[in-house]
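Q: This is the structure, below, for whatever I ask next.
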Amino acid sequence: MQGIVGFGIGLAAMGNRAIAEIQFADYIFPAFDQIVNEAAKFRYRSGNQFNCGGLTIRTPYGAVGHGGHYHSQSPEAFFCHVPGLKVVIPRSPQQAKGLLLACIRDPNPTIFFEPKWLYRLAVEEVPDHDYMLPLSTAEVIREGSDITLVGWGAQLAVMEQACADAEKDGISCELIDLKTLIPWDKETVEASVRKTGKLLVSHEAPVTGGFGAEIAASITESCFLRLEAPIARVCGLDTPFPLVFEPFYMPTKNKILDAIKTTVNY
């Protein structure tokens with residue numbers, strides 16, 4: 001893995017558009033040094049004389065139903081801590097094509113995490129033509145007035161189901177797909193939270209140190225006087241990703257629905 005990413009950095013540094021693939025995000029860690037200390041710092045270290053901005057790293061991540069602890073992890077937060085990288089995660093096939101093309105053409109090294117659930121479960125019409133979707137632009141995919149939900153990747157489908165069930169109980173949920181984690185679209189989330197007064201963030205990665213914590217801290221700073229309840233996080237557990245106990249580990253629809261009701265009724 002270190003060789004794959006190192007080779008990609010070299011190609012990009014020579015002016016090429018390099019696309020490196022790590023077959024599972026669980027195995028990206030041998031390349032961590034190349035990504036964090038080389039790719040992310042290449043431009044800064046040279047005073048912008050050189051760069052490897054043409055590098056895009058594709059890697060499947062997240063739960064798949066039977067992957068166990070070495071084929072199910074969500075390591076996006078590790079890379080969100082690194083200035084110089086962009087981190088992008090699509091929720092659907094149509095989004096994946098537009099965001100991936102945008103990553104490839106972006107002048108910065110980008111990590112493109114592909115939710116494994118989507119490979120077999122997602123069915124969608126994808127345009128044949130060339131198109132790009134903007135990076136660092138979140139999308140409100142469901143408008144509501146009682147609580148804001150923020151997520152990314154395959155978790156959006158689970159959150160949509162929870163929003164639909166909450167609506168049956170008279171709770172209006174606004175659902176936002178972040179799409180780009182670094183740099184993330186704070187303005188869209190802030191505007192929604194100022195409207196609803198409540199926020200729930202959900203992701204598969206363990207709750208401690210997950211990117212949801214960064215969102216919660218940032219929104220607390222900017223929207224403190226508008227918050228009507230503590231910010232909720234519905235995430236994976238602080239354990240290695242289990243095999244037989246995967247259903248207990250996952251941030252399921254029912255867990256999200258319970259958190260929605262608790263937050264709205266706070």
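Residue names in the structure tokens use chain letters A, B, ... in the order shown, residue numbers from 1 in each chain, and ligand numbers from 1 in the order shown.
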Identify, with DSSP run on backbone atoms, the residues in stretch 100-245 of chain A assigned to strand (DSSP E), and express the list as a ChimeraX atom specification.
A: /A:110-115,139-142,147-151,173-177,180-182,199-206,232-236
Q: What's the 12 Å shell around A:Leu199, counting only C-alpha atoms, without same-chain residues fewer than 5 positions away, as a PyMOL selection string?
A: chain A and resi 144-151+173-176+189-194+212-213+215-220+223-224+226-234+256+259-264
Q: Interatomic distance between atom CA of A:Phe24 and atom CA of A:Ser72?
A: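 So the two atoms, atom CA of A:Phe24 and atom CA of A:Ser72, lie 8.4 Å apart.
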Q: What's the 7 Å shell around stretch 27-43 of chain A, counting only C-alpha atoms, without same-chain residues fewer than 4 positions away, as a short mmCIF file (atom, residue, chain, number, x, y, z; two decimals) with N, CA and C atoms, in the first residue's frame?
A:
data_model
loop_
_atom_site.label_atom_id
_atom_site.label_comp_id
_atom_site.auth_asym_id
_atom_site.auth_seq_id
_atom_site.Cartn_x
_atom_site.Cartn_y
_atom_site.Cartn_z
N MET A 1 0.83 -1.20 0.00
CA MET A 1 0.00 0.00 0.00
C MET A 1 0.87 1.26 0.00
N GLN A 2 1.96 1.19 0.75
CA GLN A 2 2.89 2.32 0.77
C GLN A 2 3.46 2.57 -0.63
N VAL A 5 0.70 4.24 -3.02
CA VAL A 5 0.52 5.67 -2.79
C VAL A 5 1.79 6.44 -3.14
N GLY A 6 2.95 5.90 -2.79
CA GLY A 6 4.20 6.57 -3.13
C GLY A 6 4.38 6.72 -4.64
N ILE A 9 2.09 9.51 -5.74
CA ILE A 9 2.64 10.82 -5.42
C ILE A 9 3.68 11.23 -6.46
N ILE A 22 -6.68 1.76 -3.06
CA ILE A 22 -6.43 0.87 -1.93
C ILE A 22 -7.67 -0.01 -1.81
N GLY A 47 7.24 25.41 -0.67
CA GLY A 47 6.85 26.80 -0.91
C GLY A 47 6.07 26.97 -2.20
N ASN A 48 5.27 25.96 -2.53
CA ASN A 48 4.43 25.94 -3.73
C ASN A 48 5.24 25.86 -5.03
N GLN A 49 6.50 25.45 -4.94
CA GLN A 49 7.25 25.21 -6.17
C GLN A 49 6.86 23.88 -6.80
N PHE A 50 6.49 22.92 -5.96
CA PHE A 50 6.10 21.59 -6.43
C PHE A 50 4.82 21.20 -5.71
N ASN A 51 4.06 20.28 -6.32
CA ASN A 51 2.87 19.75 -5.65
C ASN A 51 2.51 18.41 -6.24
N CYS A 52 1.68 17.68 -5.50
CA CYS A 52 1.14 16.40 -6.02
C CYS A 52 -0.38 16.47 -5.99
N VAL A 82 -5.61 16.16 8.94
CA VAL A 82 -4.38 16.45 8.20
C VAL A 82 -4.59 17.62 7.24
N PRO A 83 -4.02 18.80 7.52
CA PRO A 83 -4.09 19.91 6.57
C PRO A 83 -3.39 19.54 5.27
N GLY A 84 -4.01 19.89 4.15
CA GLY A 84 -3.42 19.59 2.85
C GLY A 84 -4.14 18.50 2.09
N LEU A 85 -5.03 17.78 2.77
CA LEU A 85 -5.83 16.74 2.12
C LEU A 85 -7.28 17.18 2.00
N PRO A 109 -4.41 16.94 -3.30
CA PRO A 109 -4.55 15.49 -3.07
C PRO A 109 -5.83 15.19 -2.31
#
Q: When you look at A:Gly54 with a cut-off of 10 Å (counting only C-alpha atoms), what residues show up, excluding the ones that are within fewer than 6 positions of it in the same chain? I need them as a list in words.
A: Gly8, Ile9, Leu11, Ala12, Ala13, Met14, Gly15, Asn16, Arg17, Ala18, Ile19, Cys103, Ile104, Arg105, Asp106, Pro107, Asn108, Pro109 and Thr110 of chain A
Q: Just the selected residues (N, CA, C and O atoms), exported as a compact mmCIF listing (two decimals), in the first residue's frame, please.
A:
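And here is the file that came out, out-v9.txt:
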# COMPACT_ATOMS: atom_id res chain seq x y z
N GLY A 8 1.91 6.88 -6.76
CA GLY A 8 0.93 7.89 -7.17
C GLY A 8 1.42 9.29 -6.89
O GLY A 8 1.22 10.21 -7.70
N ILE A 9 2.09 9.51 -5.74
CA ILE A 9 2.64 10.82 -5.42
C ILE A 9 3.68 11.23 -6.46
O ILE A 9 3.69 12.37 -6.94
N LEU A 11 3.95 10.18 -9.61
CA LEU A 11 3.28 10.50 -10.87
C LEU A 11 2.64 11.88 -10.83
O LEU A 11 2.77 12.67 -11.77
N ALA A 12 1.94 12.17 -9.71
CA ALA A 12 1.28 13.47 -9.60
C ALA A 12 2.29 14.61 -9.55
O ALA A 12 2.06 15.69 -10.10
N ALA A 13 3.41 14.38 -8.89
CA ALA A 13 4.44 15.41 -8.80
C ALA A 13 5.04 15.75 -10.16
O ALA A 13 5.57 16.85 -10.36
N MET A 14 4.95 14.81 -11.11
CA MET A 14 5.45 15.04 -12.47
C MET A 14 4.37 15.63 -13.37
O MET A 14 4.54 15.72 -14.59
N GLY A 15 3.23 16.00 -12.77
CA GLY A 15 2.19 16.67 -13.53
C GLY A 15 1.07 15.78 -14.04
O GLY A 15 0.20 16.24 -14.79
N ASN A 16 1.06 14.51 -13.64
CA ASN A 16 0.02 13.59 -14.09
C ASN A 16 -1.19 13.60 -13.14
O ASN A 16 -1.09 14.02 -11.99
N ARG A 17 -2.33 13.12 -13.66
CA ARG A 17 -3.49 12.87 -12.82
C ARG A 17 -3.42 11.41 -12.38
O ARG A 17 -3.72 10.50 -13.15
N ALA A 18 -2.99 11.19 -11.15
CA ALA A 18 -2.76 9.83 -10.65
C ALA A 18 -3.93 9.40 -9.78
O ALA A 18 -4.37 10.13 -8.89
N ILE A 19 -4.45 8.19 -10.03
CA ILE A 19 -5.53 7.63 -9.23
C ILE A 19 -5.02 6.34 -8.61
O ILE A 19 -4.83 5.34 -9.30
N CYS A 103 -12.90 15.30 -7.73
CA CYS A 103 -11.68 15.01 -6.97
C CYS A 103 -10.48 14.86 -7.89
O CYS A 103 -9.38 15.38 -7.61
N ILE A 104 -10.67 14.12 -8.99
CA ILE A 104 -9.56 13.88 -9.92
C ILE A 104 -9.04 15.18 -10.50
O ILE A 104 -7.83 15.37 -10.69
N ARG A 105 -9.93 16.14 -10.74
CA ARG A 105 -9.54 17.40 -11.37
C ARG A 105 -9.22 18.49 -10.35
O ARG A 105 -8.77 19.57 -10.74
N ASP A 106 -9.43 18.22 -9.08
CA ASP A 106 -9.12 19.22 -8.05
C ASP A 106 -7.60 19.35 -7.91
O ASP A 106 -6.87 18.37 -8.02
N PRO A 107 -7.10 20.55 -7.67
CA PRO A 107 -5.65 20.76 -7.58
C PRO A 107 -5.03 20.38 -6.24
O PRO A 107 -3.96 20.87 -5.88
N ASN A 108 -5.70 19.53 -5.48
CA ASN A 108 -5.20 19.09 -4.18
C ASN A 108 -5.32 17.57 -4.05
O ASN A 108 -6.23 16.97 -4.63
N PRO A 109 -4.41 16.94 -3.30
CA PRO A 109 -4.55 15.49 -3.07
C PRO A 109 -5.83 15.19 -2.31
O PRO A 109 -6.16 15.88 -1.33
N THR A 110 -6.55 14.20 -2.79
CA THR A 110 -7.88 13.90 -2.25
C THR A 110 -8.01 12.42 -1.94
O THR A 110 -7.51 11.58 -2.69
Q: Write out as a ChimeraX atom specification all residues of stretch 145-228 of chain A that backbone DSSP assigns to helix (DSSP H, G or I).
A: /A:155-168,186-196,211-226
Q: May I ask which of the residues A:Leu118, A:Leu135, A:Ala166, A:Leu225 is the closest one to A:Ala154, counting only C-alpha atoms?
A: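 The answer is A:Leu118, which sits nearest to A:Ala154.
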Q: Just how far from atom CA of A:Gly98 is atom CA of A:Gln155, in Å to one decimal?
A: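 So the answer is 19.0 Å.
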Q: In terms of the shortest atom-to-atom distance over only C-alpha atoms, which of A:Thr137, A:Thr239, A:Thr59, A:Thr252 is closest to A:Val207?
A: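 Using only C-alpha atoms, the shortest distance to A:Val207 belongs to A:Thr239.
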Q: For atom CA of A:Gly197 and atom CA of A:Phe211, determine how far apart the two atoms are, in Å to one decimal place.
A: 20.5 Å
